[in-house]
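Shown here: target-v4.cif, mmCIF, C-alpha atoms.
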data_final
#
loop_
_atom_site.label_atom_id
_atom_site.label_comp_id
_atom_site.auth_asym_id
_atom_site.auth_seq_id
_atom_site.Cartn_x
_atom_site.Cartn_y
_atom_site.Cartn_z
CA MET A 1 -13.89 -16.53 -6.55
CA ARG A 2 -11.09 -15.55 -8.95
CA ILE A 3 -8.15 -17.98 -9.06
CA SER A 4 -5.13 -17.52 -11.28
CA LEU A 5 -1.99 -19.66 -11.28
CA ASN A 6 0.02 -17.62 -13.78
CA ARG A 7 3.65 -16.57 -13.43
CA MET A 8 2.75 -13.40 -11.54
CA GLU A 9 0.89 -15.40 -8.89
CA TRP A 10 3.92 -17.68 -8.60
CA ALA A 11 6.16 -14.64 -8.15
CA GLY A 12 3.80 -13.08 -5.62
CA SER A 13 3.52 -16.32 -3.68
CA VAL A 14 7.21 -16.19 -2.67
CA GLY A 15 7.26 -12.44 -2.00
CA ASP A 16 7.00 -12.81 1.78
CA LEU A 17 9.73 -15.43 2.30
CA GLY A 18 12.11 -12.72 3.48
CA ALA A 19 9.96 -11.99 6.52
CA MET A 20 9.19 -15.58 7.37
CA LEU A 21 12.26 -17.73 6.74
CA PRO A 22 14.91 -16.05 8.92
CA LEU A 23 12.68 -16.24 12.01
CA ALA A 24 11.55 -19.77 11.11
CA PHE A 25 15.16 -20.93 10.73
CA ALA A 26 16.11 -19.34 14.06
CA MET A 27 13.18 -20.86 15.95
CA ILE A 28 14.02 -24.31 14.59
CA ILE A 29 17.77 -24.00 15.24
CA VAL A 30 17.79 -21.98 18.49
CA ASN A 31 14.49 -22.94 20.12
CA GLY A 32 14.13 -26.47 18.79
CA LEU A 33 10.69 -26.11 17.22
CA SER A 34 9.47 -28.87 14.93
CA ALA A 35 10.30 -28.11 11.28
CA THR A 36 7.50 -30.46 10.23
CA GLY A 37 4.93 -28.77 12.44
CA LEU A 38 6.13 -25.27 11.62
CA PHE A 39 6.07 -25.58 7.83
CA LEU A 40 2.86 -27.63 7.84
CA THR A 41 1.15 -24.88 9.86
CA VAL A 42 2.32 -22.25 7.38
CA GLY A 43 1.21 -24.33 4.38
CA VAL A 44 -2.19 -25.36 5.73
CA PHE A 45 -3.14 -21.83 6.73
CA TYR A 46 -1.94 -20.31 3.48
CA LEU A 47 -4.29 -22.75 1.76
CA LEU A 48 -7.23 -22.28 4.12
CA GLY A 49 -6.73 -18.51 4.20
CA GLY A 50 -6.72 -18.27 0.42
CA MET A 51 -9.82 -20.45 0.04
CA TYR A 52 -11.78 -18.55 2.69
CA TYR A 53 -10.73 -14.94 2.06
CA ARG A 54 -10.57 -15.42 -1.74
CA VAL A 55 -7.77 -12.84 -2.03
CA PRO A 56 -4.07 -13.06 -1.12
CA ILE A 57 -3.46 -13.31 2.62
CA ALA A 58 -0.16 -13.63 4.47
CA VAL A 59 0.98 -16.14 7.09
CA GLN A 60 3.87 -14.73 9.13
CA PRO A 61 5.63 -15.34 12.45
CA MET A 62 4.38 -13.25 15.36
CA LYS A 63 7.34 -10.89 15.57
CA VAL A 64 7.37 -9.98 19.28
CA ILE A 65 7.02 -13.58 20.44
CA SER A 66 9.55 -14.85 17.91
CA ALA A 67 12.19 -12.19 18.58
CA TYR A 68 12.04 -12.53 22.37
CA ALA A 69 11.94 -16.33 22.24
CA ILE A 70 15.02 -16.42 20.00
CA ALA A 71 16.93 -13.81 22.02
CA GLN A 72 16.29 -15.68 25.28
CA SER A 73 16.59 -19.20 23.79
CA LEU A 74 13.21 -20.10 25.31
CA SER A 75 12.03 -23.70 25.37
CA PRO A 76 9.58 -24.96 22.73
CA ALA A 77 7.07 -25.68 25.52
CA VAL A 78 6.98 -21.98 26.47
CA ILE A 79 6.50 -21.02 22.82
CA SER A 80 3.67 -23.54 22.50
CA ALA A 81 2.07 -22.09 25.64
CA SER A 82 2.17 -18.61 24.11
CA GLY A 83 0.50 -19.94 20.97
CA MET A 84 -2.32 -21.50 23.00
CA ILE A 85 -2.96 -18.29 24.95
CA VAL A 86 -2.92 -16.17 21.79
CA ALA A 87 -5.28 -18.65 20.11
CA VAL A 88 -7.86 -18.42 22.91
CA PHE A 89 -7.62 -14.63 23.15
CA LEU A 90 -7.94 -13.96 19.42
CA PHE A 91 -10.71 -16.50 18.95
CA PHE A 92 -12.65 -14.90 21.79
CA LEU A 93 -12.20 -11.39 20.35
CA GLY A 94 -13.40 -12.55 16.96
CA ALA A 95 -16.24 -14.84 18.02
CA SER A 96 -17.64 -12.31 20.50
CA GLY A 97 -17.43 -9.42 18.05
CA LEU A 98 -15.47 -7.29 20.52
CA VAL A 99 -12.76 -6.68 17.94
CA ASN A 100 -15.28 -4.88 15.71
CA LYS A 101 -16.12 -2.43 18.50
CA ALA A 102 -12.46 -1.85 19.25
CA SER A 103 -11.48 -1.30 15.61
CA ARG A 104 -14.13 1.41 15.15
CA LEU A 105 -12.28 3.49 17.73
CA ILE A 106 -9.00 3.47 15.78
CA PRO A 107 -8.49 6.64 13.66
CA LEU A 108 -7.12 6.34 10.12
CA PRO A 109 -3.79 8.09 10.92
CA VAL A 110 -3.08 5.37 13.52
CA ILE A 111 -3.74 2.65 10.94
CA ARG A 112 -1.39 4.40 8.51
CA GLY A 113 1.15 4.81 11.31
CA VAL A 114 1.12 1.06 11.91
CA GLN A 115 1.61 0.41 8.20
CA VAL A 116 4.45 2.93 7.80
CA SER A 117 6.22 1.78 10.97
CA THR A 118 5.93 -1.86 9.92
CA GLY A 119 7.22 -0.95 6.46
CA ILE A 120 10.28 0.80 7.91
CA LEU A 121 10.96 -2.21 10.17
CA LEU A 122 10.79 -4.56 7.17
CA LEU A 123 13.07 -2.31 5.14
CA LEU A 124 15.63 -2.13 7.97
CA LYS A 125 15.44 -5.88 8.53
CA GLY A 126 16.17 -6.37 4.84
CA VAL A 127 19.17 -4.06 5.03
CA TYR A 128 20.46 -5.95 8.09
CA LEU A 129 20.13 -9.27 6.27
CA ALA A 130 22.02 -7.95 3.27
CA ALA A 131 24.69 -6.42 5.50
CA GLY A 132 25.07 -9.68 7.43
CA THR A 133 24.09 -8.15 10.78
CA SER A 134 20.66 -9.68 11.47
CA GLY A 135 20.04 -11.57 14.69
CA LEU A 136 20.24 -15.00 13.03
CA GLN A 137 23.48 -14.16 11.22
CA GLU A 138 25.12 -12.81 14.37
CA THR A 139 23.93 -15.77 16.44
CA LEU A 140 25.42 -18.25 13.97
CA GLY A 141 28.51 -16.11 13.36
CA LYS A 142 28.21 -16.09 9.56
CA VAL A 143 26.72 -13.66 7.05
CA GLU A 144 25.51 -16.62 4.97
CA PRO A 145 25.10 -19.37 7.59
CA PHE A 146 24.16 -22.13 5.16
CA LEU A 147 26.75 -21.48 2.45
CA SER A 148 30.38 -22.58 2.24
CA TYR A 149 31.58 -19.10 1.32
CA GLN A 150 31.14 -15.90 3.32
CA ALA A 151 32.82 -13.16 1.33
CA LEU A 152 33.91 -12.05 -2.12
CA GLY A 153 37.25 -10.52 -1.28
CA PRO A 154 36.58 -7.96 1.47
CA ILE A 155 32.83 -7.75 0.70
CA PRO A 156 30.39 -9.95 2.69
CA LEU A 157 28.64 -12.38 0.35
CA SER A 158 25.22 -11.40 1.71
CA LEU A 159 25.92 -7.81 0.59
CA VAL A 160 26.97 -9.03 -2.86
CA PHE A 161 23.68 -10.92 -3.17
CA GLY A 162 21.76 -7.94 -1.85
CA LEU A 163 23.26 -5.50 -4.35
CA ILE A 164 22.97 -7.81 -7.37
CA PHE A 165 19.45 -9.00 -6.72
CA GLY A 166 18.36 -5.54 -5.58
CA LEU A 167 19.31 -4.18 -9.01
CA VAL A 168 17.60 -7.14 -10.71
CA THR A 169 14.44 -6.46 -8.72
CA LEU A 170 14.49 -2.77 -9.64
CA LYS A 171 14.76 -3.74 -13.30
CA LEU A 172 12.01 -6.36 -13.25
CA ILE A 173 9.65 -5.21 -10.47
CA ASN A 174 6.92 -4.12 -12.90
CA SER A 175 7.55 -6.81 -15.51
CA LYS A 176 4.75 -9.30 -16.13
CA ARG A 177 6.78 -11.26 -18.62
CA VAL A 178 9.73 -11.93 -16.31
CA PRO A 179 8.42 -11.57 -12.72
CA ALA A 180 10.99 -10.26 -10.24
CA GLY A 181 9.96 -12.61 -7.43
CA LEU A 182 10.54 -15.76 -9.46
CA VAL A 183 13.89 -14.55 -10.77
CA VAL A 184 15.17 -13.43 -7.37
CA VAL A 185 14.11 -16.53 -5.44
CA GLY A 186 14.82 -19.02 -8.24
CA PHE A 187 18.26 -17.80 -9.26
CA GLY A 188 19.09 -17.00 -5.64
CA ALA A 189 18.42 -20.62 -4.67
CA ILE A 190 20.46 -21.90 -7.63
CA LEU A 191 23.42 -19.72 -6.64
CA GLY A 192 23.02 -20.75 -3.01
CA GLY A 193 23.15 -24.39 -4.07
CA PHE A 194 26.31 -23.86 -6.13
CA LEU A 195 27.96 -22.04 -3.22
CA GLY A 196 27.58 -24.89 -0.77
CA ALA A 197 23.96 -25.13 0.35
CA TRP A 198 23.60 -28.27 -1.78
CA ARG A 199 25.45 -30.19 0.96
CA GLY A 200 22.32 -30.03 3.10
CA LEU A 201 20.38 -31.81 0.36
CA ALA A 202 22.79 -34.73 0.07
CA ASP A 203 21.08 -36.84 2.73
CA LEU A 204 17.49 -35.86 1.93
CA SER A 205 15.06 -38.69 1.30
CA LEU A 206 11.46 -38.32 0.27
CA GLY A 207 8.99 -39.92 2.66
CA PHE A 208 5.66 -39.38 4.39
CA HIS A 209 5.95 -37.36 7.60
CA LEU A 210 3.09 -36.27 9.83
CA PRO A 211 3.69 -34.01 12.83
CA GLN A 212 3.47 -35.30 16.38
CA LEU A 213 0.73 -33.95 18.60
CA PHE A 214 2.25 -31.91 21.44
CA PRO A 215 5.80 -33.08 20.60
CA PHE A 216 7.19 -31.17 23.60
CA GLY A 217 4.48 -32.23 26.04
CA PHE A 218 1.67 -30.09 27.41
CA PRO A 219 3.02 -26.85 28.95
CA SER A 220 3.08 -26.53 32.73
CA GLY A 221 1.34 -23.80 34.71
CA GLU A 222 4.66 -22.02 35.19
CA GLU A 223 5.30 -22.08 31.44
CA PHE A 224 1.83 -20.66 30.75
CA SER A 225 2.39 -17.85 33.28
CA PHE A 226 5.76 -16.91 31.84
CA ALA A 227 4.43 -17.03 28.27
CA LEU A 228 1.51 -14.75 29.16
CA LEU A 229 3.63 -12.08 30.83
CA ALA A 230 6.77 -12.15 28.68
CA LEU A 231 5.40 -13.05 25.24
CA VAL A 232 1.65 -12.66 24.82
CA LEU A 233 0.91 -9.32 26.53
CA PRO A 234 3.55 -7.43 24.47
CA GLN A 235 2.39 -9.19 21.28
CA ILE A 236 -1.37 -8.54 21.41
CA PRO A 237 -1.37 -4.76 20.69
CA MET A 238 0.92 -5.29 17.71
CA THR A 239 -1.26 -8.11 16.41
CA LEU A 240 -4.45 -6.07 16.69
CA GLY A 241 -2.83 -3.02 15.09
CA ASN A 242 -0.86 -4.69 12.29
CA ALA A 243 -2.35 -8.11 11.60
CA VAL A 244 -6.00 -7.18 12.10
CA ILE A 245 -6.88 -3.50 11.59
CA ALA A 246 -4.03 -2.45 9.27
CA ASN A 247 -4.27 -5.72 7.34
CA ARG A 248 -8.00 -5.37 6.77
CA ASP A 249 -7.53 -1.76 5.62
CA LEU A 250 -4.72 -2.70 3.23
CA SER A 251 -6.67 -5.60 1.78
CA TYR A 252 -9.59 -3.28 1.00
CA GLU A 253 -7.18 -0.79 -0.62
CA TYR A 254 -5.66 -3.50 -2.83
CA PHE A 255 -8.70 -5.60 -3.69
CA GLY A 256 -11.77 -3.47 -2.97
CA ASP A 257 -15.00 -5.44 -2.77
CA GLU A 258 -13.19 -8.68 -3.64
CA GLY A 259 -11.66 -8.54 -0.16
CA ARG A 260 -14.97 -8.18 1.67
CA ARG A 261 -14.33 -11.38 3.63
CA VAL A 262 -11.20 -9.86 5.17
CA THR A 263 -12.86 -8.45 8.28
CA ASP A 264 -11.47 -7.81 11.74
CA ARG A 265 -13.64 -10.58 13.15
CA ALA A 266 -12.61 -13.15 10.52
CA LEU A 267 -8.91 -12.32 10.89
CA CYS A 268 -9.05 -12.85 14.65
CA ILE A 269 -10.84 -16.17 14.28
CA SER A 270 -8.52 -17.50 11.58
CA MET A 271 -5.42 -16.48 13.54
CA GLY A 272 -6.92 -18.10 16.64
CA LEU A 273 -7.41 -21.36 14.77
CA ALA A 274 -3.94 -21.18 13.21
CA ASN A 275 -2.21 -20.65 16.52
CA GLY A 276 -4.16 -23.43 18.19
CA PHE A 277 -3.02 -25.80 15.44
CA ALA A 278 0.57 -24.52 15.56
CA ALA A 279 0.77 -25.09 19.32
CA MET A 280 -0.47 -28.67 18.95
CA VAL A 281 2.14 -29.63 16.31
CA GLY A 282 5.15 -27.77 17.69
CA GLY A 283 5.09 -24.86 15.24
CA MET A 284 5.54 -21.14 15.77
CA PRO A 285 2.86 -18.55 16.60
CA VAL A 286 1.63 -16.98 13.36
CA CYS A 287 -0.40 -14.00 12.17
CA HIS A 288 -1.78 -12.38 8.99
CA GLY A 289 0.62 -9.40 8.89
CA ALA A 290 0.01 -6.33 6.74
CA GLY A 291 3.68 -6.41 5.76
CA GLY A 292 3.27 -9.90 4.38
CA LEU A 293 0.27 -8.85 2.33
CA ALA A 294 2.24 -5.89 0.94
CA ALA A 295 5.07 -8.26 -0.02
CA HIS A 296 2.80 -10.70 -1.85
CA TYR A 297 1.05 -7.85 -3.66
CA ARG A 298 4.28 -6.03 -4.61
CA PHE A 299 5.69 -9.10 -6.32
CA GLY A 300 2.54 -9.89 -8.28
CA ALA A 301 -0.13 -11.66 -6.18
CA ARG A 302 -3.62 -10.57 -7.20
CA THR A 303 -5.77 -13.66 -6.53
CA CYS A 304 -5.91 -16.45 -3.97
CA GLY A 305 -3.98 -18.55 -6.48
CA SER A 306 -0.80 -17.24 -4.85
CA ASN A 307 -1.96 -18.68 -1.53
CA ILE A 308 -2.72 -22.03 -3.12
CA ILE A 309 0.73 -22.16 -4.73
CA ILE A 310 2.77 -21.33 -1.62
CA GLY A 311 0.44 -23.35 0.61
CA VAL A 312 0.81 -26.53 -1.47
CA LEU A 313 4.59 -26.05 -1.62
CA PHE A 314 4.90 -25.79 2.16
CA VAL A 315 2.56 -28.71 2.82
CA LEU A 316 4.45 -30.95 0.38
CA LEU A 317 7.76 -29.81 1.85
CA ALA A 318 6.68 -30.59 5.42
CA ILE A 319 5.05 -33.94 4.66
CA GLY A 320 7.64 -35.04 2.12
CA PHE A 321 10.82 -34.21 4.03
CA GLY A 322 9.69 -33.76 7.64
CA PRO A 323 12.48 -32.53 9.94
CA GLU A 324 14.85 -32.16 6.97
CA SER A 325 12.52 -29.78 5.12
CA VAL A 326 14.37 -26.77 6.51
CA LYS A 327 17.44 -27.74 4.45
CA VAL A 328 15.57 -27.19 1.19
CA LEU A 329 14.67 -23.61 2.13
CA GLN A 330 18.22 -22.91 3.27
CA LEU A 331 19.20 -22.84 -0.41
CA ILE A 332 17.96 -19.22 -0.50
CA PRO A 333 20.77 -16.89 0.68
CA MET A 334 20.17 -14.34 3.42
CA GLY A 335 21.04 -11.48 1.07
CA VAL A 336 18.28 -12.56 -1.30
CA LEU A 337 15.74 -12.67 1.53
CA GLY A 338 16.87 -9.18 2.46
CA VAL A 339 15.99 -7.88 -1.01
CA LEU A 340 12.45 -9.26 -0.68
CA LEU A 341 12.06 -7.48 2.66
CA VAL A 342 13.30 -4.13 1.38
CA PHE A 343 10.77 -4.03 -1.46
CA ALA A 344 7.98 -5.30 0.79
CA GLY A 345 8.74 -2.49 3.23
CA LEU A 346 8.68 0.14 0.50
CA GLN A 347 5.32 -1.16 -0.73
CA LEU A 348 3.82 -0.94 2.75
CA ILE A 349 5.13 2.59 3.34
CA MET A 350 3.25 3.69 0.21
CA ALA A 351 -0.05 3.02 2.01
CA ALA A 352 0.32 6.42 3.71
CA ARG A 353 0.28 8.44 0.50
CA ASP A 354 -3.35 9.43 1.16
CA ILE A 355 -2.43 11.19 4.42
CA THR A 356 -1.82 14.88 3.62
CA GLY A 357 -2.84 16.82 6.75
CA ARG A 358 -0.06 17.92 9.10
CA PRO A 359 -1.75 16.65 12.31
CA ALA A 360 -2.31 13.22 10.78
CA GLN A 361 1.28 13.14 9.54
CA ALA A 362 2.42 14.07 13.06
CA VAL A 363 0.68 10.96 14.39
CA ILE A 364 2.51 8.81 11.85
CA VAL A 365 5.88 10.40 12.66
CA LEU A 366 5.33 9.93 16.40
CA MET A 367 4.44 6.27 15.90
CA LEU A 368 7.51 5.70 13.74
CA VAL A 369 9.80 7.30 16.34
CA VAL A 370 8.29 5.28 19.18
CA THR A 371 8.56 2.11 17.09
CA LEU A 372 12.26 2.67 16.43
CA ILE A 373 12.97 3.56 20.07
CA SER A 374 10.77 0.87 21.63
CA ASN A 375 8.35 -1.31 19.65
CA LEU A 376 5.19 -1.19 17.56
CA ALA A 377 2.94 -2.08 20.51
CA TRP A 378 3.91 1.11 22.39
CA ALA A 379 3.70 3.09 19.15
CA PHE A 380 0.14 1.86 18.61
CA GLY A 381 -0.83 3.18 22.05
CA ALA A 382 0.99 6.49 21.53
CA GLY A 383 -0.73 7.03 18.20
CA ILE A 384 -4.16 6.44 19.70
CA VAL A 385 -3.49 8.87 22.58
CA LEU A 386 -2.23 11.65 20.28
CA SER A 387 -5.15 11.11 17.87
CA MET A 388 -7.65 11.33 20.71
CA VAL A 389 -6.06 14.60 21.86
CA PHE A 390 -6.28 16.01 18.33
CA ILE A 391 -9.92 14.90 18.03
CA LYS A 392 -10.82 16.39 21.42
CA PHE A 393 -9.37 19.76 20.44
CA LYS A 394 -10.80 19.44 16.94
CA VAL A 395 -7.37 19.52 15.27
CA PHE A 396 -8.74 16.88 12.95
CA GLN A 397 -12.06 15.05 12.90
#

Reformat the file's structure so that it appears as structure tokens.
Amino acid sequence: MRISLNRMEWAGSVGDLGAMLPLAFAMIIVNGLSATGLFLTVGVFYLLGGMYYRVPIAVQPMKVISAYAIAQSLSPAVISASGMIVAVFLFFLGASGLVNKASRLIPLPVIRGVQVSTGILLLLKGVYLAAGTSGLQETLGKVEPFLSYQALGPIPLSLVFGLIFGLVTLKLINSKRVPAGLVVVGFGAILGGFLGAWRGLADLSLGFHLPQLFPFGFPSGEEFSFALLALVLPQIPMTLGNAVIANRDLSYEYFGDEGRRVTDRALCISMGLANGFAAMVGGMPVCHGAGGLAAHYRFGARTCGSNIIIGVLFVLLAIGFGPESVKVLQLIPMGVLGVLLVFAGLQLIMAARDITGRPAQAVIVLMLVVTLISNLAWAFGAGIVLSMVFIKFKVFQ
């Protein structure tokens, strides 16, 4: 097992914060999830994932569940119920080996379609964060919800951050001497502190905080039923397409034989365990998204050292500051998180550069259109149907 803790691994370790933090903030603020449980879940499974898979692996919010839960202001008990159902389902798919049989039926253009569609979604989400129009920013009514200032003259402050740090990232993205991820997150947090986010740190006190077990009680039958129909069923196809099949494919592309432990079966089992733990401590449902892996890789992660770094940071944050831990992460402006998302999205889109045939490209385009009109779950199904039609008529093999 190759472990490096150099500056590039540090930079890569923070590469996926743009995808995780806005949803985490919203689920703590809007839905009332436990900050201690949420960040401890993220930290523990970054650590365990790195030690088991031995290559960088992402820990992200489950996007469908998170987005719907935030939009509808669902109770933490319903969110916990969804995590329990997802945990059982994924663990069963992995332990039984059924996921291996299912993944063999998925053509390569569909996998690339998932990666490209996810990349475009990340890129757009980054643009929305920089423009100040993301869901969290609109819900809280501020482009930089945790800062004292919102604009530089007529220009939203999030856009100022996005433009400045976007140019910095372009300049440093391939630098090993001055890694872009460290500069963007580090200086972004310093600027955020100077512009008012430091106020949240004024009443912080270091302690020893462990999460409560089932802090919101055990979900009722009605909460389980609602979670299954409204949250879990729409999430599963996206999880299988993006966090299992596309993630395994991307890991092999990046790390070759070093990533041999990143299998469909292992990913299902580890996500099952993670979601079972998250549900018990009041955290959010999580997955190993391909977009997160692309983000870590783009900013420099090449070994499981990046997982160890970010995992230890989140564990220390959760245990050391407990419910107040969220205030530390709120130092990073929304515009800075948007920059991380844009470059992560571009990295993921590049996965499709090996697709040259027109029929295969048509599958990718269809999936992207369906994703933008509806969601990635429907796009996954549409891509499979079109691929099967092409295979049947021998348009491509």

Could you tell me which residues the PyMOL selection byres ((chain A and resi 296) around 9) returns for this structure, as a VMD selection string? chain A and resid 9 11 to 16 56 to 58 291 to 295 297 to 302 306 344

Using only C-alpha atoms and a cutoff of 8 Å, can you tell me which residues are near (11.7, -20.3, 16.9) in the file's coordinates, and write them out as an MDAnalysis selection string? chainID A and resid 23:33 66 69:70 76 79 284

For the residues in the current selection, export C-alpha atoms as a PDB file, in the coordinates of the input.
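As written to disk, again-v1.pdb reads:
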ATOM      1  CA  LEU A  23      12.680 -16.240  12.010  1.00  0.00           C
ATOM      2  CA  ALA A  24      11.550 -19.770  11.110  1.00  0.00           C
ATOM      3  CA  PHE A  25      15.160 -20.930  10.730  1.00  0.00           C
ATOM      4  CA  ALA A  26      16.110 -19.340  14.060  1.00  0.00           C
ATOM      5  CA  MET A  27      13.180 -20.860  15.950  1.00  0.00           C
ATOM      6  CA  ILE A  28      14.020 -24.310  14.590  1.00  0.00           C
ATOM      7  CA  ILE A  29      17.770 -24.000  15.240  1.00  0.00           C
ATOM      8  CA  VAL A  30      17.790 -21.980  18.490  1.00  0.00           C
ATOM      9  CA  ASN A  31      14.490 -22.940  20.120  1.00  0.00           C
ATOM     10  CA  GLY A  32      14.130 -26.470  18.790  1.00  0.00           C
ATOM     11  CA  LEU A  33      10.690 -26.110  17.220  1.00  0.00           C
ATOM     12  CA  SER A  66       9.550 -14.850  17.910  1.00  0.00           C
ATOM     13  CA  ALA A  69      11.940 -16.330  22.240  1.00  0.00           C
ATOM     14  CA  ILE A  70      15.020 -16.420  20.000  1.00  0.00           C
ATOM     15  CA  PRO A  76       9.580 -24.960  22.730  1.00  0.00           C
ATOM     16  CA  ILE A  79       6.500 -21.020  22.820  1.00  0.00           C
ATOM     17  CA  MET A 284       5.540 -21.140  15.770  1.00  0.00           C
TER      18      MET A 284
END

Please provide the set of residues having any atom within 8 Å of Phe165 in chain A, restricted to all atoms listed in the file, with same-chain residues fewer than 6 positions apart removed, written as a PyMOL selection string. chain A and resi 184+336+339

Residues returned when the PyMOL selection byres ((chain A and resi 222-234) around 8) runs on this file, as number ranges by chain: A: 64-65, 68-69, 77-79, 81-82, 85-86, 219-221, 235-238, 377

The residues within 9 Å of (-15.4, -12.2, 16.7), using only C-alpha atoms and the coordinates of the file, should be reported as a PDB file with C-alpha atoms, keeping the file's coordinate frame; which are they?
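Full text of point-v1.pdb as output:
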ATOM      1  CA  LEU A  90      -7.940 -13.960  19.420  1.00  0.00           C
ATOM      2  CA  PHE A  91     -10.710 -16.500  18.950  1.00  0.00           C
ATOM      3  CA  PHE A  92     -12.650 -14.900  21.790  1.00  0.00           C
ATOM      4  CA  LEU A  93     -12.200 -11.390  20.350  1.00  0.00           C
ATOM      5  CA  GLY A  94     -13.400 -12.550  16.960  1.00  0.00           C
ATOM      6  CA  ALA A  95     -16.240 -14.840  18.020  1.00  0.00           C
ATOM      7  CA  SER A  96     -17.640 -12.310  20.500  1.00  0.00           C
ATOM      8  CA  GLY A  97     -17.430  -9.420  18.050  1.00  0.00           C
ATOM      9  CA  LEU A  98     -15.470  -7.290  20.520  1.00  0.00           C
ATOM     10  CA  VAL A  99     -12.760  -6.680  17.940  1.00  0.00           C
ATOM     11  CA  ASN A 100     -15.280  -4.880  15.710  1.00  0.00           C
ATOM     12  CA  ASP A 264     -11.470  -7.810  11.740  1.00  0.00           C
ATOM     13  CA  ARG A 265     -13.640 -10.580  13.150  1.00  0.00           C
ATOM     14  CA  ALA A 266     -12.610 -13.150  10.520  1.00  0.00           C
ATOM     15  CA  LEU A 267      -8.910 -12.320  10.890  1.00  0.00           C
ATOM     16  CA  CYS A 268      -9.050 -12.850  14.650  1.00  0.00           C
ATOM     17  CA  ILE A 269     -10.840 -16.170  14.280  1.00  0.00           C
TER      18      ILE A 269
END

Give me the result of the PyMOL selection byres ((chain A and resi 328) around 10) on this file, residue by residue, as a PyMOL selection string. chain A and resi 189+193+197-198+200-201+204+317+321+324-327+329-332

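As for CA of Arg54 in chain A and CA of Ser270 in chain A, they are spaced 13.6 Å apart.
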
May I ask which of the residues A:Asn375, A:Ser4, A:Asn275, A:Gln150 is the closest one to Ile309 in chain A, counting all atoms listed in the file?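 Nearest to Ile309 in chain A: A:Ser4.
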
Minimum-distance residue to Glu138 in chain A, chosen among A:Ala279, A:Val168, A:Ile155, A:Ala71 (using all atoms listed in the file):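 Comparing A:Ala279, A:Val168, A:Ile155, A:Ala71 against Glu138 in chain A, the winner is A:Ala71.
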
So which one's closest to Pro109 in chain A, A:Ile364, A:Val143, A:Ile310, A:Ala131? Using all atoms listed in the file, please. A:Ile364

Length of the CA of Gly322 in chain A to CA of Leu38 in chain A vector [Å]: 10.0 Å

A straight line from CA of Val127 in chain A to CA of Val342 in chain A spans 6.9 Å

Restricting the calculation to all atoms listed in the file, which member of A:Val183, A:Leu191, A:Leu147, A:Met334 is positioned closest to Thr133 in chain A?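 Once distances to Thr133 in chain A are computed over all atoms listed in the file, the minimum belongs to A:Met334.
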
Box dimensions and centre (Å, one decimal) enclosing range 261-266 of chain A, axis-aligned, 4 Å extra per side, as AutoDock Vina command-line options:
--center_x -12.8 --center_y -10.5 --center_z 8.4 --size_x 11.1 --size_y 13.3 --size_z 17.5

Would you mind telling me which residue in A:Arg358, A:Arg2, A:Lys394, A:Arg177 lies nearest to Tyr53 in chain A when using only C-alpha atoms? A:Arg2

Neighbouring residues of Gly383 in chain A were defined as those with any atom within 10 Å, considering all atoms listed in the file; residues of the same chain fewer than 4 positions away were excluded. Please report them as a list in words.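 Those residues are Ile106, Pro107, Pro109, Val110, Ile111, Gly113, Val114, Ala360, Ala362, Val363, Ile364, Val365, Leu366, Met367, Leu368, Val370, Trp378, Ala379, Ser387, Met388 and Val389 of chain A.
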
Nearest residue to Lys101 in chain A out of A:Ile245, A:Val281, A:Gly49, A:Ile319, using all atoms listed in the file? A:Ile245
